[in-house]
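S.K.: There's a structure below that I have some questions on.
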Amino acid sequence: MTATTEPTTHDLRRSAPTLPLAGRAKDLVGSMIDSSTSLLASQSHDIVRFAMGSPADEAVPADEFRQIAGEILDNSSFTYGATEGEPRLLQLLVDYLATTPDPSSHERLVITTGGMQGLDLACKLFVDPGDLVIVESPTYTNGSATALSYGAQLLEVPVDEDGMQVDALEDLVAHTRLTPKAIYTIPTFQNPSGVTLSEERRRELLRLAHQWGSMIIDDDPYGLLRFAGTDIPTFQTLSPQDPLVFSVRTFSKILAPGWRVGWVDADPSLRQLLINGKQAMDTCTNVPNQHIVAEYIARGGLEDHLAGIRNLYRERKEAMIDSIHRHLGDRVDTTDPEGGFFLWVTLREEFAEIDTRELFEVALADGVAFIPGPALSPGGRFRNALRLCFASSTPERIDEGIRRLTTSLEKMAHTP
């Protein structure tokens, strides 16, 4: 009689079936932008960092944050909080927004764990598998990746100096034979191009949204960072209390990204759904961070802080434009934003055939990092373009970075 041998753990692992992944797992495409943080951390040589869209270290009021933390954090800061946000922060936010062109109210606001959670909540509420979602091209692909993770079909719409080409939308949508469920736009100082959607196009986009019954997902991390030109009315200003406008905002670009504190401003009928959706994610946004942000606002420093960083970023944008003109001349085209963090650079002439994905490896070795154009298009377009962040480097480092980038471009252009 043959003895029965119990399978070992090793045997079970070898015979285990394929992991039972959900169908949506294949649409979790990740982000080259965020991955660049880990990549750059692994480098040992000096690199001018134009890749991440992060505030300058000196633009973060770290000393004030440390002081506030030492003074106010108590036991109430280290427990669970209200899912919709800490009451004091919500009240201070309502009070602050009353001084801006977009006043709001408690019943419209929910505090989020950064702007990305706001985008995830929007897609969770409005996007079913197979739904058509309009995105700009190029776009912030963390946003489009969120829509993909909920099964969306994406329609890329070109961007020019006045933002999304809204006049092309009806024809592009007609070819899909679908009605858009949502329109994802970064209307002001767009990431990655830096351009701003004109008032005329904003009005037309609102008209189309109502024609189609589509939600406008209005992602605006940079609107408070205008350092030139004149304000353009927001969707909320053009169409107050519009139920088809879902606004996503964040403190990441104006205070510090590490706080992971943002908010959404949406129709009051959505508030309980937003709370329900958030409770299935994280229960509540980090309470100590909310307390520190609230106290910082309460002490009255936000407007002075914003004025200071607007001046800082204007100086750095001008330094980057000037450096590009001196080192690269007519061999590239670049946008010239009136706020925000980014320039969009398109290669021309002897550089026109260079693929910026291949350029990235050469440039990284030469000591400068950027985001290649194809990483900013769901369809991998813009192989001859790249995104540069001017916000996080001094004018001197910006010039050194553009000099290094020029060296890398010339090296590739002259390599047979």
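Convention: chains lettered A, B, ... in structure tokens order; per-chain residue numbering from 1; ligands numbered from 1 as shown.
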Please provide the set of residues having any atom within 12 Å of A:Thr83, restricted to only C-alpha atoms, with same-chain residues fewer than 4 positions apart removed, written as an NGL selection string.

M.R.: :A and (87 or 90 or 109-113 or 263 or 271-287 or 290)

S.K.: Determine, counting only C-alpha atoms, which protein, DNA and RNA residues have an atom within 8 Å of an atom of A:Pro374; residues of the same chain fewer than 3 positions away are not included. Present the result as JSON, numbers by chain.

M.R.: {"A": [357, 377, 378, 379, 380, 381, 382, 383, 385]}

S.K.: Please identify which residues in stretch 225-382 of chain A DSSP calls alpha helix (DSSP H) from the backbone, and express them as a ChimeraX atom specification.

M.R.: /A:235-238,271-279,287-298,302-328,356-366

S.K.: Tell me which of A:Ala413, A:Leu312, A:Leu172, A:Ile186 sits closest to A:Ile354, counting only C-alpha atoms.

M.R.: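 For A:Ile354, the nearest of the candidates is A:Ala413.
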
S.K.: DSSP on the backbone, strand (DSSP E) only: what residues of stretch 307-382 of chain A does that give? Format it as an NGL selection string.

M.R.: :A and (332-334 or 342-347 or 368-369 or 371-372)

S.K.: Tell me which protein, DNA and RNA residues are within 9 Å of A:Val166, counting only C-alpha atoms, leaving out same-chain ones fewer than 5 positions away, and put them as a count of residues only.

M.R.: 7

S.K.: Which residues of stretch 173-203 of chain A have any atom within 9 Å of an atom in stretch 228-240 of chain A when counting only C-alpha atoms, and what is the closest pair of atoms for each, with the distance in Å to one decimal? Order the rows by chain and rising number and write it as a Markdown table.

M.R.:
| residue | atom | partner | partner_atom | distance |
| --- | --- | --- | --- | --- |
| A:Pro187 | CA | A:Thr234 | CA | 8.3 |
| A:Thr188 | CA | A:Ile232 | CA | 8.5 |
| A:Thr196 | CA | A:Ile232 | CA | 8.5 |
| A:Leu197 | CA | A:Ile232 | CA | 8.4 |
| A:Ser198 | CA | A:Ile232 | CA | 7.1 |
| A:Glu199 | CA | A:Ile232 | CA | 6.2 |
| A:Arg202 | CA | A:Phe235 | CA | 6.8 |
| A:Arg203 | CA | A:Leu238 | CA | 7.2 |

S.K.: Grab the residues selected above and save them as a JSON list (two decimals), in the first residue's frame with all heavy atoms.

M.R.:
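To be explicit, this is the file written out as again-v8.json:
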[["chain", "number", "residue", "atom", "x", "y", "z"],
["A", 187, "PRO", "N", -8.09, 73.57, -16.77],
["A", 187, "PRO", "CA", -8.35, 74.76, -17.59],
["A", 187, "PRO", "C", -7.35, 75.90, -17.42],
["A", 187, "PRO", "O", -7.22, 76.73, -18.32],
["A", 187, "PRO", "CB", -9.75, 75.19, -17.16],
["A", 187, "PRO", "CG", -9.89, 74.68, -15.76],
["A", 187, "PRO", "CD", -9.11, 73.40, -15.72],
["A", 188, "THR", "N", -6.66, 75.94, -16.29],
["A", 188, "THR", "CA", -5.82, 77.10, -15.99],
["A", 188, "THR", "C", -4.38, 76.66, -15.76],
["A", 188, "THR", "O", -4.11, 75.86, -14.85],
["A", 188, "THR", "CB", -6.36, 77.84, -14.76],
["A", 188, "THR", "OG1", -7.75, 78.15, -14.96],
["A", 188, "THR", "CG2", -5.60, 79.14, -14.53],
["A", 196, "THR", "N", -3.84, 78.19, -20.96],
["A", 196, "THR", "CA", -5.09, 78.43, -20.23],
["A", 196, "THR", "C", -6.26, 78.45, -21.20],
["A", 196, "THR", "O", -6.20, 79.09, -22.26],
["A", 196, "THR", "CB", -5.00, 79.77, -19.46],
["A", 196, "THR", "OG1", -3.99, 79.65, -18.46],
["A", 196, "THR", "CG2", -6.32, 80.13, -18.81],
["A", 197, "LEU", "N", -7.32, 77.76, -20.82],
["A", 197, "LEU", "CA", -8.53, 77.69, -21.63],
["A", 197, "LEU", "C", -9.19, 79.06, -21.66],
["A", 197, "LEU", "O", -9.45, 79.67, -20.61],
["A", 197, "LEU", "CB", -9.48, 76.65, -21.05],
["A", 197, "LEU", "CG", -10.71, 76.25, -21.86],
["A", 197, "LEU", "CD1", -10.31, 75.55, -23.15],
["A", 197, "LEU", "CD2", -11.62, 75.35, -21.03],
["A", 198, "SER", "N", -9.47, 79.57, -22.86],
["A", 198, "SER", "CA", -10.05, 80.90, -23.01],
["A", 198, "SER", "C", -11.47, 80.94, -22.46],
["A", 198, "SER", "O", -12.15, 79.92, -22.34],
["A", 198, "SER", "CB", -10.06, 81.32, -24.47],
["A", 198, "SER", "OG", -10.97, 80.52, -25.21],
["A", 199, "GLU", "N", -11.94, 82.15, -22.17],
["A", 199, "GLU", "CA", -13.31, 82.29, -21.67],
["A", 199, "GLU", "C", -14.32, 81.80, -22.70],
["A", 199, "GLU", "O", -15.30, 81.11, -22.35],
["A", 199, "GLU", "CB", -13.61, 83.75, -21.30],
["A", 199, "GLU", "CG", -15.02, 83.94, -20.80],
["A", 199, "GLU", "CD", -15.34, 85.37, -20.36],
["A", 199, "GLU", "OE1", -14.39, 86.16, -20.19],
["A", 199, "GLU", "OE2", -16.53, 85.68, -20.19],
["A", 202, "ARG", "N", -14.44, 78.12, -22.55],
["A", 202, "ARG", "CA", -15.07, 77.65, -21.32],
["A", 202, "ARG", "C", -16.60, 77.71, -21.45],
["A", 202, "ARG", "O", -17.31, 76.78, -21.04],
["A", 202, "ARG", "CB", -14.61, 78.49, -20.12],
["A", 202, "ARG", "CG", -13.14, 78.31, -19.80],
["A", 202, "ARG", "CD", -12.67, 79.16, -18.63],
["A", 202, "ARG", "NE", -11.22, 79.15, -18.57],
["A", 202, "ARG", "CZ", -10.49, 79.05, -17.46],
["A", 202, "ARG", "NH1", -11.09, 78.96, -16.30],
["A", 202, "ARG", "NH2", -9.18, 79.05, -17.51],
["A", 203, "ARG", "N", -17.08, 78.79, -22.02],
["A", 203, "ARG", "CA", -18.54, 78.91, -22.21],
["A", 203, "ARG", "C", -19.05, 77.83, -23.15],
["A", 203, "ARG", "O", -20.11, 77.23, -22.92],
["A", 203, "ARG", "CB", -18.89, 80.30, -22.74],
["A", 203, "ARG", "CG", -18.64, 81.42, -21.74],
["A", 203, "ARG", "CD", -19.11, 82.77, -22.28],
["A", 203, "ARG", "NE", -18.83, 83.87, -21.37],
["A", 203, "ARG", "CZ", -19.58, 84.20, -20.33],
["A", 203, "ARG", "NH1", -20.70, 83.51, -20.10],
["A", 203, "ARG", "NH2", -19.26, 85.22, -19.56]]

S.K.: Excluding A:Lys317 and residues on its chain fewer than 3 positions from it, collect all residues at most 9 Å away from it, counting only C-alpha atoms, and give them as a ChimeraX atom specification.

M.R.: /A:312-314,320-322,336-339,341-343,389-391,395

S.K.: Check the smallest atom-to-atom distance from each of A:Gly262, A:Gly115, A:Pro268, A:Pro288 to A:Ser76 using only C-alpha atoms, then report the winner.

M.R.: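 Of the candidates, the smallest distance to A:Ser76 is held by A:Pro288.
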
S.K.: Tell me, in Å to one decimal, how far atom CA of A:Arg316 is from atom CA of A:Ser393.

M.R.: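 Distance reported for this atom pair: 7.5 Å.
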
S.K.: What separation in Å, quoted to one decimal, exists between atom CA of A:Tyr150 and atom CA of A:Pro257?

M.R.: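 Value for the atom CA of A:Tyr150-atom CA of A:Pro257 distance: 25.0 Å.
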
S.K.: Which of these residues is nearest to A:Glu136, using only C-alpha atoms: A:Leu93, A:Ala122, A:Val264, A:Ile183?

M.R.: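 Closest to A:Glu136 of all the choices is A:Ile183.
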